[in-house]
>>> print(open('upload-v7.cif').read())   # mmCIF, C-alpha atoms
data_protein
#
loop_
_atom_site.label_atom_id
_atom_site.label_comp_id
_atom_site.auth_asym_id
_atom_site.auth_seq_id
_atom_site.Cartn_x
_atom_site.Cartn_y
_atom_site.Cartn_z
CA MET S 195 -4.93 -18.07 8.46
CA ASP S 196 -4.79 -14.27 8.67
CA GLU S 197 -1.13 -13.40 9.22
CA TRP S 198 -2.05 -9.79 10.01
CA ALA S 199 -4.59 -10.54 12.73
CA GLU S 200 -2.33 -9.71 15.68
CA ILE S 201 -0.79 -6.60 14.14
CA ALA S 202 -4.21 -5.32 13.06
CA SER S 203 -5.15 -4.75 16.71
CA TYR S 204 -2.47 -2.05 17.10
CA TYR S 205 -1.62 -1.23 13.48
CA ASP S 206 -3.08 2.28 13.55
CA GLU S 207 -1.24 3.31 16.71
CA LEU S 208 2.10 1.98 15.45
CA TYR S 209 2.18 2.60 11.72
CA VAL S 210 -0.42 5.22 10.80
CA LYS S 211 1.19 8.61 11.30
CA PRO S 212 -1.57 11.17 10.60
CA ASP S 213 0.70 14.01 9.48
CA GLN S 214 2.63 11.74 7.11
CA TYR S 215 -0.50 10.07 5.75
CA LYS S 216 -2.16 13.44 5.17
CA ARG S 217 0.84 14.69 3.16
CA GLU S 218 1.04 11.46 1.18
CA ALA S 219 -2.67 11.49 0.39
CA ALA S 220 -2.57 15.11 -0.77
CA LYS S 221 0.46 14.50 -2.99
CA VAL S 222 -1.08 11.38 -4.50
CA LEU S 223 -4.25 13.31 -5.36
CA ALA S 224 -2.14 16.03 -6.98
CA LEU S 225 -0.23 13.45 -9.04
CA ILE S 226 -3.50 11.83 -10.08
CA ASP S 227 -4.94 15.20 -11.11
CA ASP S 228 -1.84 15.96 -13.19
CA CYS S 229 -2.05 12.73 -15.21
CA LYS S 230 -5.64 11.48 -15.21
CA LEU S 231 -7.70 11.90 -18.38
CA SER S 232 -10.84 10.05 -17.30
CA GLY S 233 -13.59 12.29 -16.02
CA GLY S 234 -14.63 10.67 -12.76
CA SER S 235 -13.38 10.43 -9.18
CA ASP S 236 -13.69 6.71 -8.36
CA LEU S 237 -10.57 5.58 -6.47
CA LEU S 238 -9.54 2.03 -5.61
CA ASP S 239 -7.27 1.76 -2.56
CA ILE S 240 -5.39 -1.53 -3.02
CA ALA S 241 -3.92 -3.07 0.14
CA CYS S 242 -5.89 -0.46 2.05
CA GLY S 243 -5.19 -2.05 5.43
CA THR S 244 -7.11 -0.27 8.15
CA GLY S 245 -7.84 2.65 5.82
CA GLY S 246 -5.21 5.11 7.02
CA HIS S 247 -5.34 7.29 3.88
CA ILE S 248 -9.11 7.20 3.41
CA PRO S 249 -9.95 10.22 5.62
CA TYR S 250 -7.89 12.43 3.31
CA TRP S 251 -9.40 11.11 0.07
CA ARG S 252 -13.06 10.65 0.80
CA ASN S 253 -14.05 14.32 0.48
CA ARG S 254 -12.85 14.39 -3.13
CA CYS S 255 -13.17 10.78 -4.24
CA CYS S 256 -15.56 7.87 -4.07
CA VAL S 257 -13.21 5.42 -2.36
CA THR S 258 -13.34 1.62 -2.52
CA GLY S 259 -10.92 -0.43 -0.42
CA LEU S 260 -9.34 -3.81 -1.14
CA ASP S 261 -7.22 -5.88 1.24
CA LEU S 262 -6.23 -9.50 1.76
CA SER S 263 -6.55 -9.48 5.57
CA PRO S 264 -10.00 -9.91 7.13
CA ALA S 265 -8.68 -8.47 10.40
CA MET S 266 -7.38 -5.31 8.75
CA LEU S 267 -10.63 -4.92 6.84
CA SER S 268 -12.62 -5.37 10.03
CA HIS S 269 -10.93 -2.30 11.51
CA ALA S 270 -11.40 -0.33 8.28
CA ILE S 271 -15.10 -1.19 8.07
CA ARG S 272 -15.63 -0.19 11.68
CA LYS S 273 -14.01 3.19 11.07
CA PHE S 274 -15.66 3.82 7.69
CA PRO S 275 -19.03 2.03 7.58
CA ASP S 276 -20.11 4.05 4.54
CA VAL S 277 -17.11 2.98 2.41
CA GLU S 278 -17.24 -0.11 0.19
CA PHE S 279 -14.58 -2.71 1.01
CA HIS S 280 -13.63 -6.01 -0.61
CA GLN S 281 -11.42 -8.84 0.55
CA GLY S 282 -9.07 -10.08 -2.13
CA ASP S 283 -5.52 -10.77 -3.26
CA MET S 284 -4.02 -8.05 -5.44
CA VAL S 285 -2.74 -10.64 -7.94
CA ASP S 286 -6.15 -12.07 -8.87
CA PHE S 287 -8.94 -9.82 -7.59
CA ALA S 288 -11.89 -9.11 -9.87
CA LEU S 289 -14.38 -6.38 -9.08
CA ASP S 290 -17.43 -5.57 -11.17
CA ARG S 291 -16.39 -2.06 -12.17
CA CYS S 292 -13.48 0.13 -13.15
CA PHE S 293 -11.95 3.17 -11.50
CA ASP S 294 -10.43 6.51 -12.40
CA ALA S 295 -7.46 5.83 -10.13
CA ALA S 296 -5.95 2.83 -8.36
CA VAL S 297 -3.42 3.40 -5.60
CA CYS S 298 -1.15 0.92 -3.84
CA LEU S 299 0.96 2.70 -1.25
CA TYR S 300 3.34 2.10 1.65
CA GLY S 301 5.33 -0.48 -0.33
CA SER S 302 2.48 -2.98 -0.09
CA ILE S 303 3.30 -4.27 -3.57
CA GLY S 304 6.27 -6.08 -2.01
CA ILE S 305 4.00 -8.71 -0.48
CA VAL S 306 3.50 -10.25 -3.94
CA LEU S 307 7.06 -11.57 -3.42
CA THR S 308 7.89 -12.79 -6.94
CA ALA S 309 8.34 -11.10 -10.31
CA ASP S 310 5.59 -13.26 -11.83
CA ARG S 311 3.12 -12.15 -9.18
CA LEU S 312 4.23 -8.53 -9.62
CA GLU S 313 3.29 -8.72 -13.28
CA LYS S 314 -0.05 -10.34 -12.48
CA ALA S 315 -0.86 -7.71 -9.83
CA ILE S 316 -0.12 -4.75 -12.07
CA ALA S 317 -2.15 -6.39 -14.85
CA ARG S 318 -5.10 -6.58 -12.43
CA PHE S 319 -4.60 -2.91 -11.50
CA ALA S 320 -4.70 -1.97 -15.18
CA ALA S 321 -7.76 -4.13 -15.84
CA HIS S 322 -9.65 -2.15 -13.20
CA LEU S 323 -8.83 1.27 -14.68
CA LYS S 324 -11.07 3.29 -16.93
CA PRO S 325 -9.47 4.54 -20.15
CA GLY S 326 -7.43 7.57 -19.14
CA GLY S 327 -7.28 6.40 -15.52
CA VAL S 328 -4.04 6.16 -13.57
CA ILE S 329 -2.29 3.97 -11.03
CA CYS S 330 -0.08 5.32 -8.26
CA LEU S 331 2.28 2.61 -7.05
CA THR S 332 4.78 2.90 -4.21
CA PRO S 333 7.63 0.38 -4.52
CA TRP S 334 9.02 -1.37 -1.46
CA SER S 335 12.54 0.01 -1.96
CA SER S 336 14.36 -1.52 -4.97
CA GLN S 337 17.26 -3.80 -5.70
CA GLU S 338 19.33 -0.75 -6.60
CA GLU S 339 18.55 1.27 -3.47
CA PHE S 340 17.97 -1.22 -0.66
CA GLU S 341 20.05 -0.88 2.49
CA PRO S 342 19.67 -3.11 5.58
CA LYS S 343 18.56 -1.38 8.75
CA ILE S 344 17.16 -1.86 12.20
CA VAL S 345 14.02 0.20 12.73
CA VAL S 346 13.30 1.46 16.25
CA ASP S 347 10.17 3.34 17.26
CA VAL S 348 8.28 4.13 20.45
CA VAL S 349 4.60 5.01 20.69
CA ARG S 350 3.22 6.76 23.75
CA GLN S 351 -0.52 7.32 23.69
CA THR S 352 -3.12 7.60 26.41
CA THR S 353 -4.37 4.03 26.04
CA VAL S 354 -1.33 2.23 24.64
CA ARG S 355 2.46 2.09 24.75
CA ILE S 356 4.39 0.30 21.99
CA CYS S 357 8.08 -0.48 21.59
CA ARG S 358 8.97 -1.46 18.03
CA MET S 359 12.18 -3.03 16.75
CA GLU S 360 12.38 -4.48 13.25
CA ASN S 361 15.40 -6.04 11.59
CA VAL S 362 15.23 -5.41 7.83
CA LYS S 363 17.81 -7.45 5.97
CA ARG S 364 18.46 -8.90 2.54
CA LYS S 365 17.82 -12.62 2.28
CA ALA S 366 18.55 -12.90 -1.45
CA LEU S 367 18.97 -10.57 -4.42
CA ASP S 368 15.20 -10.28 -4.78
CA VAL S 369 13.97 -11.02 -1.24
CA VAL S 370 14.05 -8.99 1.97
CA GLU S 371 13.37 -10.55 5.34
CA VAL S 372 11.79 -8.42 8.05
CA GLU S 373 11.90 -9.66 11.64
CA LEU S 374 9.29 -7.84 13.72
CA HIS S 375 9.52 -7.51 17.49
CA HIS S 376 6.73 -5.50 19.14
CA LEU S 377 6.03 -4.96 22.82
CA VAL S 378 2.50 -3.66 23.35
CA GLY S 379 1.24 -2.34 26.66
CA ARG S 380 -2.52 -1.90 26.97
CA ASP S 381 -5.08 -2.25 29.78
CA GLY S 382 -2.41 -3.05 32.34
CA THR S 383 -0.93 -5.89 30.29
CA VAL S 384 2.24 -6.12 28.20
CA THR S 385 2.22 -8.55 25.27
CA TYR S 386 5.05 -9.50 22.93
CA HIS S 387 4.41 -9.98 19.23
CA THR S 388 6.99 -11.33 16.83
CA ARG S 389 6.95 -12.66 13.29
CA SER S 390 9.18 -12.89 10.26
CA MET S 391 7.97 -11.93 6.81
CA GLU S 392 9.49 -11.98 3.35
CA ILE S 393 9.05 -9.10 0.91
CA GLY S 394 9.81 -9.07 -2.80
CA LEU S 395 12.60 -6.72 -3.83
CA PHE S 396 12.32 -5.70 -7.47
CA CYS S 397 14.53 -3.53 -9.64
CA ARG S 398 13.26 -0.35 -11.26
CA GLN S 399 13.20 -2.00 -14.69
CA GLN S 400 10.91 -4.77 -13.43
CA TYR S 401 8.35 -2.21 -12.31
CA LEU S 402 8.58 -0.34 -15.62
CA ALA S 403 8.34 -3.54 -17.64
CA ALA S 404 5.34 -4.82 -15.69
CA MET S 405 3.49 -1.56 -16.26
CA ALA S 406 4.35 -1.54 -19.97
CA ASP S 407 3.25 -5.18 -20.34
CA ALA S 408 -0.06 -4.23 -18.70
CA GLY S 409 -0.59 -1.61 -21.40
CA LEU S 410 0.15 1.35 -19.14
CA GLU S 411 2.18 4.43 -19.99
CA VAL S 412 4.52 5.52 -17.21
CA MET S 413 4.01 9.25 -16.73
CA GLN S 414 6.28 10.02 -13.80
CA HIS S 415 8.39 8.54 -11.02
CA TYR S 416 7.97 10.95 -8.15
CA VAL S 417 10.70 10.98 -5.53
CA GLY S 418 10.27 13.46 -2.70
CA THR S 419 9.57 13.95 0.97
CA ASP S 420 5.79 14.00 0.59
CA VAL S 421 5.87 10.31 -0.37
CA PRO S 422 9.08 8.99 1.22
CA MET S 423 9.02 5.66 -0.65
CA GLY S 424 8.49 7.36 -4.00
CA VAL S 425 5.65 6.59 -6.38
CA PHE S 426 5.25 5.50 -10.01
CA ILE S 427 2.37 7.11 -11.89
CA ALA S 428 1.14 5.28 -14.99
CA ARG S 429 -1.88 5.89 -17.20
CA LYS S 430 -4.15 3.62 -19.19
CA PRO S 431 -4.52 4.86 -22.77
CA ILE S 432 -7.78 6.41 -23.86
CA SER S 433 -7.83 4.07 -26.86
CA PRO S 434 -5.95 0.80 -27.38
#
>>> encode(input="upload-v7.cif", output="structure tokens")
Amino acid sequence: MDEWAEIASYYDELYVKPDQYKREAAKVLALIDDCKLSGGSDLLDIACGTGGHIPYWRNRCCVTGLDLSPAMLSHAIRKFPDVEFHQGDMVDFALDRCFDAAVCLYGSIGIVLTADRLEKAIARFAAHLKPGGVICLTPWSSQEEFEPKIVVDVVRQTTVRICRMENVKRKALDVVEVELHHLVGRDGTVTYHTRSMEIGLFCRQQYLAAMADAGLEVMQHYVGTDVPMGVFIARKPISP
């Protein structure tokens, strides 16, 4: 069962903010350029969703997308028929080549849920890097920084209206529960979408340890407005 199938139909209108995504994509490319030692421009977009960042990368990089959700990938493929996409879980995917950069943004790493799966995912990221390549990883908050909140947003576009309310709360030390409530008005019909999802909440040291265990050298932890969730940048050594 594809848990993202319903949300995929209005994901772009609700979550993909072009100005924000453009800034994030530009900053990520700058961070990659600062740290990357491999000579190519192959970029793997892990948990790419509908491909919101791809328009801002594809002029400089050869982008490949990976996502678990067939519905999300269907939208991405329709928008970018010339881009290579793969369906797979970030904890055990295996592609037939390596990349100069792997990015996992928007806190998507949190869907791995457990520390064991976090370690496995980052090991897979590292395995798909060329020597001198880098990963850019956005954490889904952290145990140190998390604060509960209720998110409210309204989308008004020509073809759709969306009212969003999401209750983001701590379920355990290492688990966040997000209750989604979305009203979507389209084609003269209003539909209500709701679901509850759990997200892994890791501490900073768990991220650092997972990257070190995967043989990566952490180069920087960027915190700034261009990437509101922050981003870890780690590099695969040129030689073991």
>>> resolve_selection(input="upload-v7.cif", expression="the PyMOL selection byres ((chain S and resi 249) around 10)", output="number ranges by chain")
S: 212, 215-216, 219, 245-248, 250-253, 257, 273-274
>>> write_last_selection(input="upload-v7.cif", atoms="C-alpha atoms", output="PDB file, in the frame of the given file")
ATOM      1  CA  PRO S 212      -1.570  11.170  10.600  1.00  0.00           C
ATOM      2  CA  TYR S 215      -0.500  10.070   5.750  1.00  0.00           C
ATOM      3  CA  LYS S 216      -2.160  13.440   5.170  1.00  0.00           C
ATOM      4  CA  ALA S 219      -2.670  11.490   0.390  1.00  0.00           C
ATOM      5  CA  GLY S 245      -7.840   2.650   5.820  1.00  0.00           C
ATOM      6  CA  GLY S 246      -5.210   5.110   7.020  1.00  0.00           C
ATOM      7  CA  HIS S 247      -5.340   7.290   3.880  1.00  0.00           C
ATOM      8  CA  ILE S 248      -9.110   7.200   3.410  1.00  0.00           C
ATOM      9  CA  TYR S 250      -7.890  12.430   3.310  1.00  0.00           C
ATOM     10  CA  TRP S 251      -9.400  11.110   0.070  1.00  0.00           C
ATOM     11  CA  ARG S 252     -13.060  10.650   0.800  1.00  0.00           C
ATOM     12  CA  ASN S 253     -14.050  14.320   0.480  1.00  0.00           C
ATOM     13  CA  VAL S 257     -13.210   5.420  -2.360  1.00  0.00           C
ATOM     14  CA  LYS S 273     -14.010   3.190  11.070  1.00  0.00           C
ATOM     15  CA  PHE S 274     -15.660   3.820   7.690  1.00  0.00           C
TER      16      PHE S 274
END
>>> resolve_selection(input="upload-v7.cif", expression="the PyMOL selection byres ((chain S and resi 346-350) around 12)", output="PDB file with C-alpha atoms, in the coordinates of the input")
ATOM      1  CA  TYR S 204      -2.470  -2.050  17.100  1.00  0.00           C
ATOM      2  CA  TYR S 205      -1.620  -1.230  13.480  1.00  0.00           C
ATOM      3  CA  ASP S 206      -3.080   2.280  13.550  1.00  0.00           C
ATOM      4  CA  GLU S 207      -1.240   3.310  16.710  1.00  0.00           C
ATOM      5  CA  LEU S 208       2.100   1.980  15.450  1.00  0.00           C
ATOM      6  CA  TYR S 209       2.180   2.600  11.720  1.00  0.00           C
ATOM      7  CA  VAL S 210      -0.420   5.220  10.800  1.00  0.00           C
ATOM      8  CA  LYS S 211       1.190   8.610  11.300  1.00  0.00           C
ATOM      9  CA  LYS S 343      18.560  -1.380   8.750  1.00  0.00           C
ATOM     10  CA  ILE S 344      17.160  -1.860  12.200  1.00  0.00           C
ATOM     11  CA  VAL S 345      14.020   0.200  12.730  1.00  0.00           C
ATOM     12  CA  GLN S 351      -0.520   7.320  23.690  1.00  0.00           C
ATOM     13  CA  THR S 352      -3.120   7.600  26.410  1.00  0.00           C
ATOM     14  CA  THR S 353      -4.370   4.030  26.040  1.00  0.00           C
ATOM     15  CA  VAL S 354      -1.330   2.230  24.640  1.00  0.00           C
ATOM     16  CA  ARG S 355       2.460   2.090  24.750  1.00  0.00           C
ATOM     17  CA  ILE S 356       4.390   0.300  21.990  1.00  0.00           C
ATOM     18  CA  CYS S 357       8.080  -0.480  21.590  1.00  0.00           C
ATOM     19  CA  ARG S 358       8.970  -1.460  18.030  1.00  0.00           C
ATOM     20  CA  MET S 359      12.180  -3.030  16.750  1.00  0.00           C
ATOM     21  CA  GLU S 360      12.380  -4.480  13.250  1.00  0.00           C
ATOM     22  CA  ASN S 361      15.400  -6.040  11.590  1.00  0.00           C
ATOM     23  CA  VAL S 362      15.230  -5.410   7.830  1.00  0.00           C
ATOM     24  CA  LEU S 374       9.290  -7.840  13.720  1.00  0.00           C
ATOM     25  CA  HIS S 375       9.520  -7.510  17.490  1.00  0.00           C
ATOM     26  CA  HIS S 376       6.730  -5.500  19.140  1.00  0.00           C
ATOM     27  CA  LEU S 377       6.030  -4.960  22.820  1.00  0.00           C
ATOM     28  CA  VAL S 378       2.500  -3.660  23.350  1.00  0.00           C
ATOM     29  CA  GLY S 379       1.240  -2.340  26.660  1.00  0.00           C
ATOM     30  CA  ARG S 380      -2.520  -1.900  26.970  1.00  0.00           C
TER      31      ARG S 380
END
>>> resolve_selection(input="upload-v7.cif", expression="the PyMOL selection byres ((chain S and resi 308) around 9)", output="ChimeraX atom specification")
/S:304-307,309-313,368-369,393-396
>>> closest_residue(input="upload-v7.cif", among="S:Ser263, S:Ser336, S:Ser433, S:Gln214", to="S:Asp196", atoms="all atoms listed in the file")
S:Ser263
>>> closest_residue(input="upload-v7.cif", among="S:Ile271, S:Ala428, S:Thr383, S:Asp420", to="S:Ala220", atoms="all atoms listed in the file")
S:Asp420
>>> residues_around(input="upload-v7.cif", residues="S:Ser390", least_positions_apart="5", cutoff="7 Å", atoms="all atoms listed in the file", output="MDAnalysis selection string")
chainID S and resid 371:374
>>> atom_distance(input="upload-v7.cif", atom1="atom CA of S:Gly233", atom2="atom CA of S:Ala404")
25.5 Å
>>> closest_atom_pairs(input="upload-v7.cif", of="stretch 263-293 of chain S", to="stretch 319-332 of chain S", cutoff="10 Å", atoms="only C-alpha atoms", output="CSV")
residue,atom,partner,partner_atom,distance
S:Met284,CA,S:Phe319,CA,8.0
S:Val285,CA,S:Phe319,CA,8.7
S:Asp286,CA,S:Phe319,CA,9.7
S:Phe287,CA,S:Phe319,CA,9.0
S:Ala288,CA,S:His322,CA,8.0
S:Leu289,CA,S:His322,CA,7.6
S:Asp290,CA,S:His322,CA,8.7
S:Arg291,CA,S:His322,CA,6.8
S:Cys292,CA,S:His322,CA,4.5
S:Phe293,CA,S:Leu323,CA,4.8
>>> closest_residue(input="upload-v7.cif", among="S:Met413, S:Ile316, S:Val384, S:Ile201", to="S:His269", atoms="all atoms listed in the file")
S:Ile201
>>> residues_around(input="upload-v7.cif", residues="S:His415", least_positions_apart="5", cutoff="9 Å", atoms="all atoms listed in the file", output="NGL selection string")
:S and (424-428)
>>> atom_distance(input="upload-v7.cif", atom1="atom CA of S:Lys365", atom2="atom CA of S:Ala315")
22.8 Å
>>> atom_distance(input="upload-v7.cif", atom1="atom CA of S:Thr388", atom2="atom CA of S:Ala199")
12.3 Å
>>> closest_residue(input="upload-v7.cif", among="S:Ala224, S:Cys229, S:Leu238, S:Ile303", to="S:Val412", atoms="only C-alpha atoms")
S:Cys229
>>> residues_around(input="upload-v7.cif", residues="S:Pro422", least_positions_apart="2", cutoff="12 Å", atoms="all atoms listed in the file", output="PDB file with C-alpha atoms, in the coordinates of the input")
ATOM      1  CA  GLN S 214       2.630  11.740   7.110  1.00  0.00           C
ATOM      2  CA  TYR S 215      -0.500  10.070   5.750  1.00  0.00           C
ATOM      3  CA  ARG S 217       0.840  14.690   3.160  1.00  0.00           C
ATOM      4  CA  GLU S 218       1.040  11.460   1.180  1.00  0.00           C
ATOM      5  CA  LYS S 221       0.460  14.500  -2.990  1.00  0.00           C
ATOM      6  CA  VAL S 222      -1.080  11.380  -4.500  1.00  0.00           C
ATOM      7  CA  LEU S 299       0.960   2.700  -1.250  1.00  0.00           C
ATOM      8  CA  TYR S 300       3.340   2.100   1.650  1.00  0.00           C
ATOM      9  CA  GLY S 301       5.330  -0.480  -0.330  1.00  0.00           C
ATOM     10  CA  THR S 332       4.780   2.900  -4.210  1.00  0.00           C
ATOM     11  CA  PRO S 333       7.630   0.380  -4.520  1.00  0.00           C
ATOM     12  CA  TRP S 334       9.020  -1.370  -1.460  1.00  0.00           C
ATOM     13  CA  SER S 335      12.540   0.010  -1.960  1.00  0.00           C
ATOM     14  CA  TYR S 416       7.970  10.950  -8.150  1.00  0.00           C
ATOM     15  CA  VAL S 417      10.700  10.980  -5.530  1.00  0.00           C
ATOM     16  CA  GLY S 418      10.270  13.460  -2.700  1.00  0.00           C
ATOM     17  CA  THR S 419       9.570  13.950   0.970  1.00  0.00           C
ATOM     18  CA  ASP S 420       5.790  14.000   0.590  1.00  0.00           C
ATOM     19  CA  GLY S 424       8.490   7.360  -4.000  1.00  0.00           C
ATOM     20  CA  VAL S 425       5.650   6.590  -6.380  1.00  0.00           C
TER      21      VAL S 425
END
>>> closest_residue(input="upload-v7.cif", among="S:Met391, S:Val421, S:Leu223, S:Ala406", to="S:Asp294", atoms="all atoms listed in the file")
S:Leu223
>>> closest_residue(input="upload-v7.cif", among="S:Arg364, S:Arg318, S:Arg389, S:Lys230", to="S:Ala408", atoms="all atoms listed in the file")
S:Arg318
>>> residues_near_point(input="upload-v7.cif", point="(-14.0, -7.2, -0.4)", cutoff="10 Å", atoms="only C-alpha atoms", output="short mmCIF file (atom, residue, chain, number, x, y, z; two decimals) with C-alpha atoms, keeping the file's coordinate frame")
data_model
loop_
_atom_site.label_atom_id
_atom_site.label_comp_id
_atom_site.auth_asym_id
_atom_site.auth_seq_id
_atom_site.Cartn_x
_atom_site.Cartn_y
_atom_site.Cartn_z
CA THR S 258 -13.34 1.62 -2.52
CA GLY S 259 -10.92 -0.43 -0.42
CA LEU S 260 -9.34 -3.81 -1.14
CA ASP S 261 -7.22 -5.88 1.24
CA LEU S 262 -6.23 -9.50 1.76
CA SER S 263 -6.55 -9.48 5.57
CA PRO S 264 -10.00 -9.91 7.13
CA LEU S 267 -10.63 -4.92 6.84
CA GLU S 278 -17.24 -0.11 0.19
CA PHE S 279 -14.58 -2.71 1.01
CA HIS S 280 -13.63 -6.01 -0.61
CA GLN S 281 -11.42 -8.84 0.55
CA GLY S 282 -9.07 -10.08 -2.13
CA ASP S 283 -5.52 -10.77 -3.26
CA PHE S 287 -8.94 -9.82 -7.59
CA ALA S 288 -11.89 -9.11 -9.87
CA LEU S 289 -14.38 -6.38 -9.08
#
>>> decode(input="upload-v7.cif", residues="stretch 409-420 of chain S", atoms="N, CA and C atoms", output="PDB file, in the first residue's frame")
ATOM      1  N   GLY S 409      31.953   5.616   7.064  1.00  0.00           N
ATOM      2  CA  GLY S 409      33.225   5.992   6.463  1.00  0.00           C
ATOM      3  C   GLY S 409      33.250   7.393   5.888  1.00  0.00           C
ATOM      4  N   LEU S 410      32.325   8.231   6.323  1.00  0.00           N
ATOM      5  CA  LEU S 410      32.235   9.599   5.813  1.00  0.00           C
ATOM      6  C   LEU S 410      32.861  10.584   6.795  1.00  0.00           C
ATOM      7  N   GLU S 411      33.423  11.634   6.256  1.00  0.00           N
ATOM      8  CA  GLU S 411      33.981  12.710   7.070  1.00  0.00           C
ATOM      9  C   GLU S 411      33.016  13.893   7.062  1.00  0.00           C
ATOM     10  N   VAL S 412      32.521  14.263   8.228  1.00  0.00           N
ATOM     11  CA  VAL S 412      31.609  15.396   8.303  1.00  0.00           C
ATOM     12  C   VAL S 412      32.389  16.683   8.073  1.00  0.00           C
ATOM     13  N   MET S 413      31.976  17.437   7.070  1.00  0.00           N
ATOM     14  CA  MET S 413      32.681  18.660   6.692  1.00  0.00           C
ATOM     15  C   MET S 413      32.056  19.907   7.306  1.00  0.00           C
ATOM     16  N   GLN S 414      30.736  19.880   7.456  1.00  0.00           N
ATOM     17  CA  GLN S 414      30.050  21.090   7.921  1.00  0.00           C
ATOM     18  C   GLN S 414      28.632  20.724   8.373  1.00  0.00           C
ATOM     19  N   HIS S 415      28.107  21.488   9.332  1.00  0.00           N
ATOM     20  CA  HIS S 415      26.689  21.433   9.655  1.00  0.00           C
ATOM     21  C   HIS S 415      26.153  22.841   9.440  1.00  0.00           C
ATOM     22  N   TYR S 416      25.564  23.040   8.278  1.00  0.00           N
ATOM     23  CA  TYR S 416      25.056  24.370   7.934  1.00  0.00           C
ATOM     24  C   TYR S 416      23.727  24.611   8.632  1.00  0.00           C
ATOM     25  N   VAL S 417      23.626  25.753   9.268  1.00  0.00           N
ATOM     26  CA  VAL S 417      22.370  26.199   9.859  1.00  0.00           C
ATOM     27  C   VAL S 417      22.137  27.632   9.398  1.00  0.00           C
ATOM     28  N   GLY S 418      21.074  27.844   8.644  1.00  0.00           N
ATOM     29  CA  GLY S 418      20.802  29.177   8.121  1.00  0.00           C
ATOM     30  C   GLY S 418      19.460  29.224   7.432  1.00  0.00           C
ATOM     31  N   THR S 419      19.055  30.408   7.047  1.00  0.00           N
ATOM     32  CA  THR S 419      17.715  30.593   6.487  1.00  0.00           C
ATOM     33  C   THR S 419      17.557  29.972   5.104  1.00  0.00           C
ATOM     34  N   ASP S 420      18.638  29.785   4.368  1.00  0.00           N
ATOM     35  CA  ASP S 420      18.510  29.213   3.029  1.00  0.00           C
ATOM     36  C   ASP S 420      18.049  27.756   3.064  1.00  0.00           C
TER      37      ASP S 420
END
